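S.K.: File query-v6.txt below, compact mmCIF, C-alpha atoms:
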```
# COMPACT_ATOMS: atom_id res chain seq x y z
CA MET W 1 -18.28 5.68 -11.42
CA VAL W 2 -18.30 7.06 -7.93
CA ILE W 3 -17.96 10.65 -9.16
CA THR W 4 -21.37 12.24 -8.78
CA ASN W 5 -22.49 15.69 -9.84
CA ASP W 6 -22.19 16.83 -6.22
CA ILE W 7 -18.44 16.49 -6.32
CA THR W 8 -16.74 19.67 -7.39
CA LEU W 9 -13.99 19.08 -9.90
CA PRO W 10 -11.74 21.90 -11.04
CA THR W 11 -12.24 22.97 -14.64
CA ASP W 12 -9.76 22.20 -17.38
CA GLU W 13 -8.61 25.82 -17.50
CA GLU W 14 -7.68 25.66 -13.82
CA LEU W 15 -5.76 22.47 -14.38
CA THR W 16 -3.91 23.32 -17.56
CA VAL W 17 -0.44 24.71 -17.03
CA GLN W 18 2.78 24.21 -18.88
CA GLU W 19 4.09 20.82 -17.83
CA LEU W 20 7.68 19.83 -17.37
CA ASN W 21 8.51 17.94 -20.52
CA LEU W 22 11.69 16.17 -19.46
CA SER W 23 12.78 12.57 -19.33
CA THR W 24 13.96 10.67 -16.29
CA SER W 25 17.65 11.11 -16.97
CA ALA W 26 17.30 14.89 -17.14
CA LEU W 27 15.17 14.98 -14.02
CA ARG W 28 17.67 12.86 -12.15
CA ALA W 29 20.60 14.89 -13.40
CA GLY W 30 19.06 18.06 -12.05
CA ALA W 31 17.44 16.49 -9.01
CA PHE W 32 19.75 17.66 -6.24
CA HIS W 33 20.01 21.27 -7.30
CA LEU W 34 16.32 21.33 -8.20
CA GLY W 35 15.46 20.09 -4.74
CA LYS W 36 17.52 22.84 -3.18
CA HIS W 37 16.07 25.50 -5.50
CA CYS W 38 12.43 24.45 -5.00
CA GLU W 39 12.70 23.13 -1.46
CA ASN W 40 9.97 25.35 -0.08
CA GLN W 41 7.48 24.66 -2.85
CA ASN W 42 8.11 20.91 -2.75
CA ASN W 43 7.73 20.72 1.01
CA GLU W 44 4.61 22.86 0.92
CA PHE W 45 3.01 20.66 -1.72
CA MET W 46 3.89 17.38 -0.08
CA LEU W 47 2.70 18.60 3.30
CA CYS W 48 -0.59 19.72 1.78
CA ARG W 49 -0.97 16.47 -0.10
CA GLN W 50 -0.27 14.39 2.99
CA GLU W 51 -2.39 16.40 5.37
CA LEU W 52 -5.47 16.91 3.24
CA ASP W 53 -5.18 13.72 1.14
CA ASP W 54 -7.20 15.25 -1.67
CA PRO W 55 -5.79 16.16 -5.09
CA ARG W 56 -8.33 18.97 -5.48
CA ALA W 57 -7.09 20.78 -2.39
CA CYS W 58 -3.48 21.16 -3.50
CA ILE W 59 -3.82 22.30 -7.10
CA ASN W 60 -2.16 25.65 -6.53
CA GLU W 61 0.70 24.18 -4.54
CA GLY W 62 1.21 21.67 -7.34
CA LYS W 63 1.29 24.44 -9.91
CA ALA W 64 3.91 26.22 -7.83
CA VAL W 65 6.03 23.05 -7.81
CA THR W 66 5.85 22.69 -11.58
CA SER W 67 6.52 26.34 -12.34
CA CYS W 68 9.48 26.38 -9.95
CA ALA W 69 10.95 23.32 -11.63
CA LEU W 70 10.40 24.92 -15.05
CA ASP W 71 12.11 28.03 -13.83
CA PHE W 72 15.08 26.03 -12.56
CA PHE W 73 15.54 24.04 -15.74
CA ARG W 74 15.25 27.19 -17.84
CA LYS W 75 18.02 28.75 -15.81
CA VAL W 76 20.14 25.65 -16.21
CA LYS W 77 19.53 25.65 -19.95
CA LYS W 78 20.60 29.26 -20.15
CA THR W 79 23.83 28.83 -18.22
CA CYS W 80 24.96 25.20 -18.03
CA HIS W 81 23.34 23.58 -21.04
CA GLU W 82 26.39 21.65 -22.24
CA GLU W 83 27.39 20.39 -18.79
CA PHE W 84 23.84 19.38 -17.99
CA LEU W 85 23.38 17.47 -21.22
CA GLN W 86 26.68 15.71 -20.72
CA TYR W 87 25.75 14.64 -17.20
CA ALA W 88 22.23 13.55 -18.19
CA THR W 89 23.58 11.53 -21.10
CA CYS W 90 26.12 9.90 -18.84
CA LEU W 91 23.40 8.93 -16.35
CA ASP W 92 21.25 7.59 -19.14
CA LYS W 93 23.90 5.47 -20.79
CA SER W 94 26.01 4.26 -17.88
CA SER W 95 23.57 1.93 -16.16
CA GLY W 96 20.11 0.51 -16.37
CA ASN W 97 18.82 2.29 -13.30
CA MET W 98 20.56 5.62 -13.96
CA ALA W 99 22.72 5.27 -10.87
CA PHE W 100 24.77 8.27 -9.85
CA GLY W 101 27.89 6.34 -8.95
CA HIS W 102 29.14 5.95 -12.52
CA CYS W 103 29.08 9.64 -13.43
CA ARG W 104 31.11 11.43 -10.77
CA LYS W 105 33.31 13.23 -13.28
CA THR W 106 30.52 14.75 -15.36
CA GLN W 107 28.68 15.43 -12.14
CA GLY W 108 31.63 17.40 -10.84
CA VAL W 109 31.69 19.52 -14.00
CA PHE W 110 27.95 20.18 -13.77
CA ASP W 111 28.10 20.93 -10.04
CA LYS W 112 30.85 23.45 -10.55
CA CYS W 113 28.95 25.18 -13.34
CA VAL W 114 25.72 25.40 -11.31
CA SER W 115 27.60 26.56 -8.26
CA ASP W 116 29.36 29.29 -10.27
CA ASN W 117 26.39 30.50 -12.26
CA LEU W 118 23.28 29.85 -10.17
CA GLY W 119 24.88 29.83 -6.74
CA ILE W 120 23.35 26.50 -5.75
CA ASP W 121 25.69 24.05 -4.07
CA ARG W 122 24.95 20.39 -4.34
CA PRO W 123 23.61 19.23 -0.97
CA GLU W 124 25.11 16.14 0.64
CA TYR W 125 23.86 12.86 -0.73
CA GLY W 126 21.24 12.10 1.94
CA TYR W 127 19.87 15.60 2.30
CA PHE W 128 16.44 14.94 0.84
CA THR W 129 15.90 11.75 2.81
CA ARG W 130 16.09 13.58 6.12
CA ALA W 131 12.99 14.70 7.93
CA LYS W 132 12.43 18.45 7.70
CA ILE W 133 10.37 20.90 9.66
CA HIS W 134 8.35 23.04 7.30
CA SER W 135 6.49 26.12 8.47
CA THR W 136 3.47 26.98 6.37
CA GLU W 137 0.80 29.66 6.14
CA ARG W 138 -1.93 27.12 5.56
CA GLU W 139 -3.80 26.00 8.63
CA ALA W 140 -3.61 22.38 9.62
CA PRO W 141 -6.82 20.43 9.11
CA PRO W 142 -8.87 19.89 12.27
CA LYS W 143 -8.15 16.68 14.06
CA ALA W 144 -10.91 14.11 14.27
CA ILE W 145 -12.91 14.62 17.45
CA LYS W 146 -13.16 11.62 19.70
CA LYS W 147 -16.79 10.59 19.95
CA GLU W 148 -18.45 10.48 23.37
CA TYR W 149 -21.26 8.02 23.81
CA PRO W 150 -23.73 8.97 26.58
CA ASP W 151 -24.96 5.40 27.05
CA ALA W 152 -21.52 3.81 27.32
CA THR W 153 -21.01 1.40 30.21
CA PRO W 154 -19.57 3.34 33.15
CA GLY W 155 -16.29 2.06 34.58
CA LEU W 156 -15.70 1.22 38.23
CA PRO W 157 -15.20 4.23 40.49
CA ASP W 158 -11.59 4.91 41.41
CA ASP W 159 -12.06 4.11 45.09
CA TYR W 160 -13.78 0.79 44.51
CA PRO W 161 -12.16 -1.85 46.76
CA LYS W 162 -9.80 -4.15 44.88
CA PRO W 163 -8.76 -6.98 47.23
CA PRO W 164 -6.07 -9.44 46.09
CA ALA W 165 -7.28 -12.60 44.38
CA LYS W 166 -8.46 -15.20 46.85
CA TYR W 167 -6.61 -18.21 45.37
CA GLY W 168 -3.76 -16.38 43.64
CA SER W 169 -3.08 -16.30 39.98
CA ARG W 170 -3.28 -19.25 37.63
CA PHE W 171 0.13 -18.17 36.40
CA HIS W 172 1.88 -18.61 39.72
CA TRP W 173 5.25 -17.77 38.24
CA LEU W 174 4.06 -14.27 37.53
CA GLU W 175 3.33 -13.50 41.17
CA MET I 1 69.84 -89.64 -11.80
CA SER I 2 72.07 -88.98 -14.83
CA ALA I 3 75.12 -86.72 -14.64
CA ALA I 4 74.01 -84.47 -17.54
CA ALA I 5 70.70 -83.61 -15.89
CA SER I 6 72.27 -82.67 -12.60
CA ALA I 7 74.84 -80.41 -14.35
CA THR I 8 72.16 -78.19 -16.09
CA ARG I 9 70.05 -77.65 -12.98
CA LYS I 10 70.58 -74.36 -11.25
CA GLN I 11 69.13 -73.39 -7.95
CA ASP I 12 66.81 -70.37 -7.84
CA MET I 13 68.68 -67.77 -5.88
CA PRO I 14 68.14 -64.12 -4.94
CA PRO I 15 69.45 -61.59 -7.46
CA PRO I 16 72.93 -60.39 -6.89
CA GLY I 17 72.92 -57.80 -4.18
CA GLY I 18 69.79 -59.26 -2.64
CA TYR I 19 66.06 -58.53 -3.01
CA LYS I 20 64.67 -55.00 -2.91
CA LYS I 21 63.46 -53.97 0.46
CA ILE I 22 59.73 -54.34 0.97
CA PRO I 23 58.24 -50.82 1.23
CA TYR I 24 56.09 -51.26 4.27
CA LEU I 25 56.62 -47.76 5.78
CA ARG I 26 53.88 -45.12 5.31
CA VAL I 27 54.81 -42.32 2.91
CA PRO I 28 52.94 -39.20 4.12
CA ALA I 29 52.08 -36.37 1.70
CA LYS I 30 54.32 -33.38 1.94
CA SER I 31 52.81 -30.89 4.41
CA TYR I 32 53.29 -27.20 3.71
CA PHE I 33 51.56 -25.80 6.79
CA THR I 34 50.87 -26.92 10.28
CA GLY I 35 47.32 -26.96 11.58
CA PHE I 36 47.70 -23.74 13.49
CA GLN I 37 49.14 -22.02 10.45
CA MET I 38 46.10 -23.10 8.42
CA LEU I 39 43.71 -21.85 11.08
CA ALA I 40 45.53 -18.55 11.15
CA GLY I 41 45.34 -18.38 7.35
CA TYR I 42 41.61 -19.02 7.46
CA ALA I 43 41.19 -16.23 9.98
CA VAL I 44 43.22 -13.82 7.87
CA VAL I 45 41.38 -14.60 4.63
CA THR I 46 37.98 -14.35 6.35
CA ALA I 47 38.87 -11.07 7.99
CA ALA I 48 40.06 -9.62 4.70
CA GLY I 49 36.89 -10.80 2.94
CA MET I 50 34.69 -9.34 5.63
CA TYR I 51 36.50 -6.04 5.40
CA VAL I 52 35.99 -5.86 1.64
CA TYR I 53 32.33 -6.82 2.16
CA TYR I 54 31.96 -4.03 4.69
CA LEU I 55 33.42 -1.50 2.29
CA THR I 56 31.16 -2.64 -0.54
CA ALA I 57 28.08 -2.70 1.66
CA LYS I 58 28.85 0.80 2.86
CA GLN I 59 29.16 2.04 -0.69
CA ILE I 60 25.95 0.33 -1.81
CA HIS I 61 24.11 1.75 1.17
CA ARG I 62 25.36 5.20 0.31
CA GLU I 63 24.23 4.88 -3.29
CA GLU I 64 20.80 3.69 -2.20
CA ILE I 65 20.43 6.74 0.00
CA GLU I 66 21.53 9.02 -2.83
CA ASN I 67 19.06 7.36 -5.18
CA ARG I 68 16.23 7.76 -2.69
CA SER I 69 17.20 11.36 -2.15
CA ALA I 70 16.90 12.12 -5.85
CA GLN I 71 13.60 10.29 -6.07
CA ASN I 72 12.24 12.31 -3.18
CA VAL I 73 12.94 15.48 -5.13
CA ILE I 74 11.26 14.26 -8.29
CA TYR I 75 8.27 12.80 -6.48
CA PRO I 76 6.34 16.06 -5.84
CA LEU I 77 6.79 17.03 -9.49
CA LEU I 78 5.34 13.78 -10.71
CA ILE I 79 2.50 13.80 -8.19
CA ALA I 80 1.55 17.38 -9.08
CA GLU I 81 1.39 16.54 -12.77
CA ARG I 82 -0.42 13.29 -12.11
CA ASP I 83 -3.04 15.01 -9.93
CA ARG I 84 -3.90 17.52 -12.63
CA GLU I 85 -4.24 14.86 -15.29
CA PHE I 86 -6.22 12.64 -12.92
CA LEU I 87 -8.76 15.37 -12.17
CA LYS I 88 -9.08 16.21 -15.85
CA GLN I 89 -9.76 12.57 -16.62
CA LEU I 90 -12.35 12.34 -13.84
CA ARG I 91 -14.26 15.21 -15.43
CA ARG I 92 -13.99 13.59 -18.85
CA ASN I 93 -15.31 10.32 -17.42
CA ARG I 94 -18.21 12.04 -15.72
CA ASP I 95 -19.17 13.91 -18.89
CA GLU I 96 -18.88 10.71 -20.89
CA GLU I 97 -21.15 8.87 -18.49
CA ALA I 98 -23.71 11.66 -18.61
CA LYS I 99 -23.64 11.52 -22.40
CA LEU I 100 -23.86 7.75 -22.51
CA MET I 101 -26.78 7.49 -20.07
CA ALA I 102 -28.65 10.58 -21.29
CA ASN I 103 -31.52 8.49 -22.66
CA VAL I 104 -31.99 6.39 -19.54
CA PRO I 105 -34.81 7.85 -17.43
CA GLY I 106 -33.99 8.24 -13.76
CA TRP I 107 -30.25 7.78 -14.19
CA GLU I 108 -28.05 10.03 -12.13
CA VAL I 109 -24.35 10.22 -12.85
CA GLY I 110 -22.17 8.46 -10.30
CA THR I 111 -25.09 6.66 -8.66
CA TRP I 112 -27.35 3.69 -9.28
CA TYR I 113 -30.58 5.47 -10.26
CA GLY I 114 -30.02 8.03 -7.53
CA GLU I 115 -28.62 5.65 -4.92
CA PRO I 116 -25.05 6.69 -4.12
CA VAL I 117 -22.24 4.20 -3.62
CA TYR I 118 -21.01 5.86 -0.44
CA LYS I 119 -23.87 6.90 1.84
CA THR I 120 -22.05 7.94 4.99
CA LEU I 121 -19.38 10.16 3.45
CA PRO I 122 -19.96 13.91 3.14
CA LYS I 123 -21.31 14.96 -0.27
CA ASP I 124 -18.15 16.55 -1.60
CA THR I 125 -15.72 13.74 -0.76
CA LEU I 126 -13.56 12.64 -3.65
CA VAL I 127 -13.24 8.87 -3.64
CA THR I 128 -10.65 7.47 -6.01
CA PRO I 129 -12.50 5.22 -8.45
CA LEU I 130 -11.48 1.61 -8.97
CA PHE I 131 -9.01 1.02 -11.75
CA LYS I 132 -11.50 -0.63 -14.08
CA GLU I 133 -14.08 2.04 -13.37
CA PHE I 134 -11.57 4.72 -14.18
CA TYR I 135 -10.88 3.09 -17.55
CA ALA I 136 -14.51 2.13 -18.20
CA HIS I 137 -15.07 4.53 -21.08
CA THR I 138 -11.81 3.94 -22.88
CA ASP I 139 -10.80 1.32 -25.41
CA TYR I 140 -9.17 -1.90 -24.35
CA LYS I 141 -5.79 -0.89 -25.67
CA SER I 142 -5.39 2.07 -23.36
CA TYR I 143 -6.62 0.00 -20.45
CA ALA I 144 -4.22 -2.84 -21.18
CA LYS I 145 -1.35 -0.46 -21.67
CA ARG I 146 -1.74 0.85 -18.17
CA ALA I 147 -2.80 -2.39 -16.51
CA HIS I 148 0.15 -4.36 -17.88
CA LEU I 149 2.67 -1.60 -17.53
CA LYS I 150 4.79 -3.75 -15.25
CA LEU I 151 5.17 -6.41 -17.88
CA TRP I 152 6.68 -3.94 -20.29
CA SER I 153 9.00 -2.05 -18.01
```
Any chance you could give the structure as structure tokens?
M.R.:
Amino acid sequence: MVITNDITLPTDEELTVQELNLSTSALRAGAFHLGKHCENQNNEFMLCRQELDDPRACINEGKAVTSCALDFFRKVKKTCHEEFLQYATCLDKSSGNMAFGHCRKTQGVFDKCVSDNLGIDRPEYGYFTRAKIHSTEREAPPKAIKKEYPDATPGLPDDYPKPPAKYGSRFHWLE
Amino acid sequence: MSAAASATRKQDMPPPGGYKKIPYLRVPAKSYFTGFQMLAGYAVVTAAGMYVYYLTAKQIHREEIENRSAQNVIYPLLIAERDREFLKQLRRNRDEEAKLMANVPGWEVGTWYGEPVYKTLPKDTLVTPLFKEFYAHTDYKSYAKRAHLKLWS
């Protein structure tokens, strides 16, 4: 293994939180409203993960993502349980890849329920594929400094004479 | 020549009303359309087909975007969970290696008798282990389950 004793790994207590115990159909059924509800947490986590590229650095952001999702699905269970189950079942059984296109009716029922009870409107279909600007408290990691080599070959001075080529270019059609 | 023989002879003559006319004229197949009409029909059918194709392609494109949109929402969730489990497993692997090599003098965990794999990286850099390294301390079944996941799904 490449994991030496010098590498700090978070302890199990730090890593153990309640996980989201849901299947794909349920996750997909709630995806759009979940994304709207947890937009900040998701963006924060993904930005952290992309910028720092280290799973140890973004543990807390990840926990925030999971707890926000748990919170959302608990709310849904409290208010729109029937509609949600109906929609998730429809997604599950209508196609092999759980496409949304087959379940517009149940989706409409679920959307209305969430909109009435939780106040979250379903965003338009491409909302989460668009680039977003996310402002964060965390400081950006320092950019890699360009190395300067003292013994690098110096270039020609700017005022060095550059006369035209004596016999022209080999590629005469470029002249 | 006898008289009886000449009486029974009868000259071969055309049938009454004459022979049928010899059909030498070309009989063309019945034509329903002229050439220009057929070209116009081709253009109409092609245009209609292309229009239906455009509508279908637009719908498929829309569904792909919607699908990707939903996946982008779920992705952070999955990555967050995966990261936690991954780090837990790294610790388990390290502890297992320390236990396994406890009796080997000079062995340091994560190195070859004190010689690290990555010499130029800072000390605390987490390098993702190779797949087989990550599953080194497990049984074959768990390894195969993950390695051949694509064959089952």
S.K.: Name the residues in contact with stretch 38-49 of chain W at a cut-off of 10 Å, using only C-alpha atoms, excluding same-chain residues fewer than 5 positions from it; report them as a VMD selection string.
M.R.: (chain W and resid 33 54 to 69 71 to 72 128 132 to 141) or (chain I and resid 72 to 77 79 to 80)
S.K.: With C-alpha atoms retained, export the selected residues as a PDB file, in the frame of the given file.
M.R.:
```pdb
ATOM      1  CA  HIS W  33      20.010  21.270  -7.300  1.00  0.00           C
ATOM      2  CA  ASP W  54      -7.200  15.250  -1.670  1.00  0.00           C
ATOM      3  CA  PRO W  55      -5.790  16.160  -5.090  1.00  0.00           C
ATOM      4  CA  ARG W  56      -8.330  18.970  -5.480  1.00  0.00           C
ATOM      5  CA  ALA W  57      -7.090  20.780  -2.390  1.00  0.00           C
ATOM      6  CA  CYS W  58      -3.480  21.160  -3.500  1.00  0.00           C
ATOM      7  CA  ILE W  59      -3.820  22.300  -7.100  1.00  0.00           C
ATOM      8  CA  ASN W  60      -2.160  25.650  -6.530  1.00  0.00           C
ATOM      9  CA  GLU W  61       0.700  24.180  -4.540  1.00  0.00           C
ATOM     10  CA  GLY W  62       1.210  21.670  -7.340  1.00  0.00           C
ATOM     11  CA  LYS W  63       1.290  24.440  -9.910  1.00  0.00           C
ATOM     12  CA  ALA W  64       3.910  26.220  -7.830  1.00  0.00           C
ATOM     13  CA  VAL W  65       6.030  23.050  -7.810  1.00  0.00           C
ATOM     14  CA  THR W  66       5.850  22.690 -11.580  1.00  0.00           C
ATOM     15  CA  SER W  67       6.520  26.340 -12.340  1.00  0.00           C
ATOM     16  CA  CYS W  68       9.480  26.380  -9.950  1.00  0.00           C
ATOM     17  CA  ALA W  69      10.950  23.320 -11.630  1.00  0.00           C
ATOM     18  CA  ASP W  71      12.110  28.030 -13.830  1.00  0.00           C
ATOM     19  CA  PHE W  72      15.080  26.030 -12.560  1.00  0.00           C
ATOM     20  CA  PHE W 128      16.440  14.940   0.840  1.00  0.00           C
ATOM     21  CA  LYS W 132      12.430  18.450   7.700  1.00  0.00           C
ATOM     22  CA  ILE W 133      10.370  20.900   9.660  1.00  0.00           C
ATOM     23  CA  HIS W 134       8.350  23.040   7.300  1.00  0.00           C
ATOM     24  CA  SER W 135       6.490  26.120   8.470  1.00  0.00           C
ATOM     25  CA  THR W 136       3.470  26.980   6.370  1.00  0.00           C
ATOM     26  CA  GLU W 137       0.800  29.660   6.140  1.00  0.00           C
ATOM     27  CA  ARG W 138      -1.930  27.120   5.560  1.00  0.00           C
ATOM     28  CA  GLU W 139      -3.800  26.000   8.630  1.00  0.00           C
ATOM     29  CA  ALA W 140      -3.610  22.380   9.620  1.00  0.00           C
ATOM     30  CA  PRO W 141      -6.820  20.430   9.110  1.00  0.00           C
TER      31      PRO W 141
ATOM     32  CA  ASN I  72      12.240  12.310  -3.180  1.00  0.00           C
ATOM     33  CA  VAL I  73      12.940  15.480  -5.130  1.00  0.00           C
ATOM     34  CA  ILE I  74      11.260  14.260  -8.290  1.00  0.00           C
ATOM     35  CA  TYR I  75       8.270  12.800  -6.480  1.00  0.00           C
ATOM     36  CA  PRO I  76       6.340  16.060  -5.840  1.00  0.00           C
ATOM     37  CA  LEU I  77       6.790  17.030  -9.490  1.00  0.00           C
ATOM     38  CA  ILE I  79       2.500  13.800  -8.190  1.00  0.00           C
ATOM     39  CA  ALA I  80       1.550  17.380  -9.080  1.00  0.00           C
TER      40      ALA I  80
END
```
S.K.: May I ask which of the residues I:Ser69, I:Asn103, I:Thr120, I:Asn93 is the closest one to chain W, counting only C-alpha atoms?
M.R.: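 Comparing I:Ser69, I:Asn103, I:Thr120, I:Asn93 against chain W, the winner is I:Ser69.
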S.K.: Give the answer as one residue: which of I:Glu97, I:Asp139, I:Asp12, I:Asp124 has the shortest atom-to-atom distance to chain W, using only C-alpha atoms?
M.R.: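 Using only C-alpha atoms, chain W sits closest to I:Asp124.
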S.K.: Might you pull out every residue within 12 Å of stretch 103-116 of chain W, with only C-alpha atoms counted and same-chain residues fewer than 2 positions away left off, and present them as a ChimeraX atom specification?
M.R.: /W:28-34,36-37,72-73,75-95,98-101,118-123
S.K.: In Å, with one decimal, what is the gap from atom CA of W:Ser23 to atom CA of I:Ile65?
M.R.: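 If I compute the distance from atom CA of W:Ser23 to atom CA of I:Ile65, I get 21.6 Å.
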